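Engineer: Please find work-v9.txt (compact mmCIF, C-alpha atoms) on the next line:
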# COMPACT_ATOMS: atom_id res chain seq x y z
CA MET V 1 31.98 19.36 17.83
CA LEU V 2 28.18 19.51 17.89
CA LEU V 3 25.45 16.91 18.23
CA THR V 4 23.17 16.55 15.21
CA ARG V 5 19.51 17.45 15.59
CA HIS V 6 18.66 14.08 14.03
CA GLY V 7 19.73 12.45 17.31
CA ARG V 8 17.71 14.59 19.71
CA ARG V 9 15.47 11.72 20.73
CA GLU V 10 18.34 9.29 21.33
CA TRP V 11 20.80 11.53 23.17
CA GLY V 12 17.91 13.22 24.99
CA PHE V 13 16.78 9.82 26.25
CA ALA V 14 20.36 8.93 27.22
CA THR V 15 20.67 12.19 29.16
CA ALA V 16 17.37 11.55 30.97
CA VAL V 17 18.49 8.05 31.99
CA LEU V 18 21.84 9.43 33.16
CA LEU V 19 20.08 11.95 35.40
CA LEU V 20 17.26 9.73 36.64
CA VAL V 21 19.58 6.86 37.56
CA GLY V 22 22.78 8.77 38.27
CA VAL V 23 21.40 11.27 40.80
CA PRO V 24 19.83 8.60 43.07
CA ALA V 25 23.03 6.55 42.72
CA ILE V 26 25.12 9.51 43.94
CA ILE V 27 22.74 10.09 46.85
CA ALA V 28 23.01 6.42 47.78
CA GLY V 29 26.79 6.56 47.55
CA TRP V 30 26.98 4.23 44.56
CA TRP V 31 29.54 6.28 42.64
CA TRP V 32 30.66 3.24 40.68
CA ALA V 33 27.28 3.26 38.84
CA LEU V 34 28.25 6.51 37.13
CA VAL V 35 31.00 4.80 35.15
CA PRO V 36 28.80 2.58 32.91
CA LEU V 37 26.14 5.29 32.70
CA GLY V 38 28.71 7.87 31.64
CA LEU V 39 30.27 5.56 29.08
CA ALA V 40 26.84 4.77 27.62
CA TRP V 41 26.04 8.49 27.32
CA VAL V 42 29.38 9.22 25.64
CA ALA V 43 28.78 6.35 23.17
CA VAL V 44 25.36 7.67 22.18
CA ALA V 45 26.55 11.27 21.93
CA GLY V 46 29.59 10.15 19.94
CA PHE V 47 27.44 8.39 17.37
CA PHE V 48 25.39 11.53 16.78
CA ARG V 49 28.38 13.87 16.64
CA ASP V 50 28.44 16.55 13.98
CA PRO V 51 32.01 17.67 13.15
CA LEU V 52 32.45 21.32 12.30
CA PHE V 53 34.54 23.11 9.68
CA ARG V 54 34.62 20.42 7.00
CA LYS V 55 35.78 21.73 3.64
CA PRO V 56 35.89 19.83 0.32
CA ALA V 57 39.39 18.86 -0.77
CA SER V 58 38.73 20.37 -4.20
CA ASP V 59 36.88 23.45 -5.45
CA ASP V 60 36.44 22.04 -8.95
CA PRO V 61 32.67 21.56 -9.59
CA ARG V 62 33.47 18.39 -11.55
CA ASP V 63 34.76 16.76 -8.37
CA LEU V 64 32.10 14.91 -6.36
CA ILE V 65 32.88 14.65 -2.67
CA SER V 66 32.06 11.77 -0.37
CA PRO V 67 28.48 11.74 0.95
CA ALA V 68 29.59 9.84 4.07
CA ASP V 69 32.45 8.91 6.38
CA GLY V 70 33.68 5.34 6.20
CA ARG V 71 35.58 2.88 4.06
CA ILE V 72 35.14 2.18 0.34
CA SER V 73 33.72 -1.34 0.22
CA ARG V 74 32.97 -1.57 -3.49
CA VAL V 75 33.47 0.23 -6.79
CA GLU V 76 31.44 -1.33 -9.58
CA ARG V 77 29.96 -0.60 -12.98
CA VAL V 78 26.35 -1.41 -13.80
CA GLU V 79 24.62 -1.44 -17.17
CA ALA V 80 21.76 0.79 -16.04
CA HIS V 81 20.69 2.76 -13.00
CA PRO V 82 17.53 4.86 -12.40
CA SER V 83 19.44 7.79 -10.91
CA THR V 84 21.48 8.23 -14.12
CA ASP V 85 18.38 8.35 -16.34
CA GLY V 86 18.57 4.61 -16.92
CA GLY V 87 22.04 4.74 -18.45
CA PRO V 88 25.23 2.89 -17.43
CA ALA V 89 26.62 3.96 -14.08
CA ILE V 90 29.52 3.70 -11.67
CA VAL V 91 28.55 2.89 -8.08
CA VAL V 92 30.95 3.81 -5.27
CA ARG V 93 29.85 2.13 -2.05
CA ILE V 94 30.89 3.32 1.42
CA PHE V 95 30.55 1.17 4.54
CA LEU V 96 29.92 3.07 7.78
CA SER V 97 30.77 1.33 11.05
CA VAL V 98 29.13 2.36 14.34
CA LEU V 99 32.27 4.40 15.07
CA ASP V 100 31.95 6.60 11.96
CA VAL V 101 30.10 9.90 11.68
CA HIS V 102 26.72 8.96 10.23
CA LEU V 103 25.59 12.26 8.75
CA ASN V 104 25.15 12.29 4.97
CA ARG V 105 26.37 15.24 2.89
CA ALA V 106 25.59 16.44 -0.61
CA PRO V 107 28.36 15.47 -3.08
CA CYS V 108 27.78 18.59 -5.21
CA ASP V 109 25.55 21.57 -5.83
CA GLY V 110 22.35 20.32 -7.38
CA GLU V 111 18.57 19.95 -7.37
CA VAL V 112 16.71 17.02 -5.86
CA VAL V 113 14.87 15.34 -8.75
CA SER V 114 13.35 12.37 -6.94
CA ILE V 115 13.45 10.46 -3.66
CA VAL V 116 12.50 6.78 -3.73
CA HIS V 117 12.22 4.78 -0.51
CA THR V 118 12.34 0.99 -0.89
CA PRO V 119 11.37 -1.27 2.05
CA GLY V 120 13.61 -4.28 2.57
CA ARG V 121 15.60 -6.46 4.91
CA TYR V 122 18.24 -5.58 7.52
CA LEU V 123 21.25 -7.73 6.68
CA ASP V 124 24.74 -6.88 7.90
CA ALA V 125 25.86 -3.84 5.85
CA ARG V 126 29.26 -5.51 5.29
CA SER V 127 27.73 -8.25 3.16
CA GLU V 128 27.44 -7.87 -0.62
CA GLU V 129 23.82 -9.02 -0.53
CA SER V 130 22.78 -6.20 1.82
CA ALA V 131 23.16 -3.56 -0.92
CA LYS V 132 20.61 -5.46 -3.02
CA VAL V 133 17.92 -6.41 -0.49
CA ASN V 134 18.12 -4.03 2.48
CA GLU V 135 15.83 -1.07 3.04
CA SER V 136 17.12 1.90 1.07
CA ASN V 137 16.47 5.48 0.06
CA LEU V 138 17.60 6.66 -3.39
CA ILE V 139 18.02 10.40 -3.87
CA SER V 140 18.42 11.42 -7.51
CA LEU V 141 20.09 14.77 -8.11
CA ARG V 142 20.87 16.89 -11.12
CA THR V 143 24.04 18.92 -10.82
CA ASP V 144 24.06 22.59 -11.73
CA SER V 145 25.74 21.56 -14.99
CA GLY V 146 22.93 19.09 -15.75
CA VAL V 147 24.56 15.76 -14.88
CA PRO V 148 22.25 13.16 -13.27
CA ILE V 149 23.74 11.49 -10.19
CA GLY V 150 22.42 9.62 -7.18
CA VAL V 151 23.07 9.09 -3.49
CA ARG V 152 21.64 5.95 -1.94
CA GLN V 153 21.20 5.42 1.80
CA VAL V 154 21.11 1.72 2.74
CA SER V 155 20.19 0.35 6.15
CA GLY V 156 22.13 -2.37 7.99
CA ALA V 157 21.64 -5.01 10.67
CA ILE V 158 21.76 -2.40 13.43
CA ALA V 159 20.71 0.63 11.40
CA ARG V 160 16.93 0.56 11.35
CA ARG V 161 16.09 4.16 10.53
CA ILE V 162 16.97 6.23 7.48
CA VAL V 163 16.62 9.98 8.02
CA CYS V 164 16.08 12.15 4.93
CA PRO V 165 14.16 15.39 5.58
CA ILE V 166 14.80 16.94 2.15
CA ARG V 167 12.13 17.16 -0.57
CA VAL V 168 11.93 17.01 -4.35
CA GLY V 169 12.78 20.44 -5.74
CA ASP V 170 15.19 21.34 -2.95
CA HIS V 171 18.56 22.69 -4.03
CA LEU V 172 21.47 21.17 -2.11
CA THR V 173 24.76 22.91 -1.55
CA ARG V 174 28.01 20.97 -1.82
CA ALA V 175 28.95 19.32 1.51
CA ALA V 176 25.65 20.36 3.12
CA ARG V 177 24.10 17.86 5.53
CA PHE V 178 20.93 16.27 4.19
CA GLY V 179 20.22 13.30 6.48
CA MET V 180 21.72 10.28 8.19
CA ILE V 181 21.38 6.55 8.78
CA LYS V 182 21.27 5.49 12.41
CA PHE V 183 23.72 2.88 13.78
CA GLY V 184 25.85 1.32 11.04
CA SER V 185 25.01 1.35 7.35
CA THR V 186 26.05 1.88 3.73
CA THR V 187 25.94 4.96 1.49
CA GLU V 188 26.42 4.87 -2.28
CA LEU V 189 27.39 7.53 -4.80
CA ILE V 190 26.11 6.79 -8.32
CA VAL V 191 27.45 8.65 -11.37
CA PRO V 192 27.10 8.21 -15.16
CA ASP V 193 29.67 5.84 -16.61
CA ARG V 194 31.23 7.98 -19.31
CA PRO V 195 34.67 7.64 -20.98
CA ASP V 196 36.27 10.56 -19.14
CA THR V 197 34.74 9.91 -15.72
CA GLU V 198 37.55 9.31 -13.23
CA VAL V 199 37.12 7.41 -9.94
CA ARG V 200 39.59 8.86 -7.44
CA VAL V 201 39.32 6.14 -4.74
CA SER V 202 39.86 2.39 -4.48
CA GLU V 203 38.30 -0.36 -2.41
CA GLY V 204 39.60 -0.23 1.15
CA ASP V 205 40.27 3.52 1.17
CA ARG V 206 39.10 5.59 4.14
CA VAL V 207 37.00 8.60 3.14
CA VAL V 208 35.68 11.64 4.99
CA GLY V 209 32.19 12.94 4.28
CA GLY V 210 32.16 16.43 2.82
CA VAL V 211 35.92 16.35 2.22
CA THR V 212 37.28 13.42 0.16
CA VAL V 213 36.88 13.54 -3.63
CA LEU V 214 35.40 10.26 -4.87
CA VAL V 215 34.81 10.95 -8.55
CA ARG V 216 35.73 13.56 -11.17
CA LEU V 217 32.95 13.89 -13.72
CA ALA V 218 33.63 14.02 -17.43
CA ASP V 219 33.77 17.48 -18.98
Since I need it in another form, could you write the structure as structure tokens?
Structural biologist:
Amino acid sequence: MLLTRHGRREWGFATAVLLLVGVPAIIAGWWWALVPLGLAWVAVAGFFRDPLFRKPASDDPRDLISPADGRISRVERVEAHPSTDGGPAIVVRIFLSVLDVHLNRAPCDGEVVSIVHTPGRYLDARSEESAKVNESNLISLRTDSGVPIGVRQVSGAIARRIVCPIRVGDHLTRAARFGMIKFGSTTELIVPDRPDTEVRVSEGDRVVGGVTVLVRLAD
């Protein structure tokens, strides 16, 4: 288990507080103070954890893997979506609690076509309205076979910072880390709605980023 570099500021600050307050507390004999300080440090480090050795559950390039850990909160069809070249799309929405790993991973091999950041509100990510009005970051990809798909990072009531260091033109490798959303959020996978496209998950299912297959694309 590692700590992601995207959390250096937060867990670095937590470590500094632990040392600056904990050392004087030990000198003063206030050992009890180490308990809340230690728990706070573990909580911060746990949020920014980066699990190792994750492998997609399928090697088939048609299978798109989950871009995040969490629970499927919604599977819906929309008449048009910008990440699928304006055509009809299937949106698979994943809710991430503060206890989930918050790193985002690429669902497939593909090139970054566009990245669109949209300012917005910070409603509770569990609400249906949050997906429509909250701050978001839409990453449009084109798979190596030419299929347009999207991954959308959506902020929440606690999540106030979307991290996405990739750029247009970058080529992402399946399951590779490409960013995160800090402290509770939503991540969406958007795929073209075609007759043979098969959604492999249902609302309420638990999914693991970089492992669980969400959708099998049409041939």
Engineer: For region 49-138 of chain V against region 194-217 of chain V, with a cut-off of 7 Å and counting only C-alpha atoms, what is the closest atom pair and its distance in Å to one decimal for every residue that makes the cut, ordered by chain and number, as a Markdown table?
Structural biologist:
| residue | atom | partner | partner_atom | distance |
| --- | --- | --- | --- | --- |
| V:Arg54 | CA | V:Gly210 | CA | 6.3 |
| V:Lys55 | CA | V:Val211 | CA | 5.6 |
| V:Pro56 | CA | V:Val211 | CA | 4.0 |
| V:Ala57 | CA | V:Val211 | CA | 5.2 |
| V:Arg62 | CA | V:Leu217 | CA | 5.0 |
| V:Asp63 | CA | V:Arg216 | CA | 4.4 |
| V:Leu64 | CA | V:Val215 | CA | 5.3 |
| V:Ile65 | CA | V:Val213 | CA | 4.3 |
| V:Ser66 | CA | V:Gly209 | CA | 4.8 |
| V:Pro67 | CA | V:Gly209 | CA | 5.1 |
| V:Ala68 | CA | V:Gly209 | CA | 4.1 |
| V:Asp69 | CA | V:Val208 | CA | 4.5 |
| V:Gly70 | CA | V:Val207 | CA | 5.6 |
| V:Arg71 | CA | V:Arg206 | CA | 4.4 |
| V:Ile72 | CA | V:Glu203 | CA | 4.9 |
| V:Ser73 | CA | V:Glu203 | CA | 5.4 |
| V:Arg74 | CA | V:Glu203 | CA | 5.6 |
| V:Val75 | CA | V:Glu203 | CA | 6.5 |
| V:Arg105 | CA | V:Gly210 | CA | 5.9 |
Engineer: When you draw a straight line from CA of Cys164 (chain V) to CA of Leu141 (chain V), how long is it in Å?
Structural biologist: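 Distance reported for this atom pair: 13.9 Å.
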Engineer: Pick out the closest residue to Thr84 (chain V) from this set: V:Ile27, V:Ala43, V:Leu20, V:Ile139. Count only C-alpha atoms.
Structural biologist: V:Ile139
Engineer: What is the distance, in Å and to one decimal place, between CA of Ala80 (chain V) and CA of Ala218 (chain V)?
Structural biologist: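 Computing it gives 17.8 Å between the two atoms.
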Engineer: How many Å separate CA of Ile115 (chain V) from CA of Gly46 (chain V)?
Structural biologist: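 Distance between the two atoms: 28.6 Å.
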Engineer: Leaving out Val154 (chain V) and any residue of its chain fewer than 3 positions from it, which residues lie within 8 Å of it when counting all atoms listed in the file, given as a list in words?
Structural biologist: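 My reading of the contact set: Ala125, Ala131, Asn134, Glu135, Ser136, Asn137, Ile162, Ile181, Ser185, Thr186, Thr187 and Glu188 of chain V.
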Engineer: Closest to Val92 (chain V) among V:Pro24, V:Gly150, V:Gly169, V:Pro51, using all atoms listed in the file?
Structural biologist: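 Closest to Val92 (chain V) of all the choices is V:Gly150.
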Engineer: For Phe48 (chain V), work out the shell of residues within 9 Å, counting all atoms listed in the file and skipping chain neighbours fewer than 2 positions away, then give it as a list in words.
Structural biologist: Leu2, Leu3, Thr4, Arg5, His6, Gly7, Arg8, Glu10, Trp11, Ala43, Val44, Ala45, Gly46, Asp50, Val101, His102, Leu103 and Lys182 of chain V
Engineer: Choose the residue, out of V:Gly179, V:Gly29, V:Pro107, V:Pro148, that has the smallest atom-to-atom separation from Ser83 (chain V); count all atoms listed in the file.
Structural biologist: V:Pro148
Engineer: Which residues are near His81 (chain V)? Cut-off 10 Å, only C-alpha atoms, ignore same chain within fewer than 3 positions. Put them as a short mmCIF file (atom, residue, chain, number, x, y, z; two decimals) with C-alpha atoms, in the coordinates of the input.
Structural biologist:
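What landed in selection09.cif:
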data_model
loop_
_atom_site.label_atom_id
_atom_site.label_comp_id
_atom_site.auth_asym_id
_atom_site.auth_seq_id
_atom_site.Cartn_x
_atom_site.Cartn_y
_atom_site.Cartn_z
CA ARG V 77 29.96 -0.60 -12.98
CA VAL V 78 26.35 -1.41 -13.80
CA THR V 84 21.48 8.23 -14.12
CA ASP V 85 18.38 8.35 -16.34
CA GLY V 86 18.57 4.61 -16.92
CA GLY V 87 22.04 4.74 -18.45
CA PRO V 88 25.23 2.89 -17.43
CA ALA V 89 26.62 3.96 -14.08
CA ILE V 90 29.52 3.70 -11.67
CA VAL V 91 28.55 2.89 -8.08
CA ILE V 149 23.74 11.49 -10.19
CA GLY V 150 22.42 9.62 -7.18
CA ILE V 190 26.11 6.79 -8.32
CA VAL V 191 27.45 8.65 -11.37
CA PRO V 192 27.10 8.21 -15.16
#
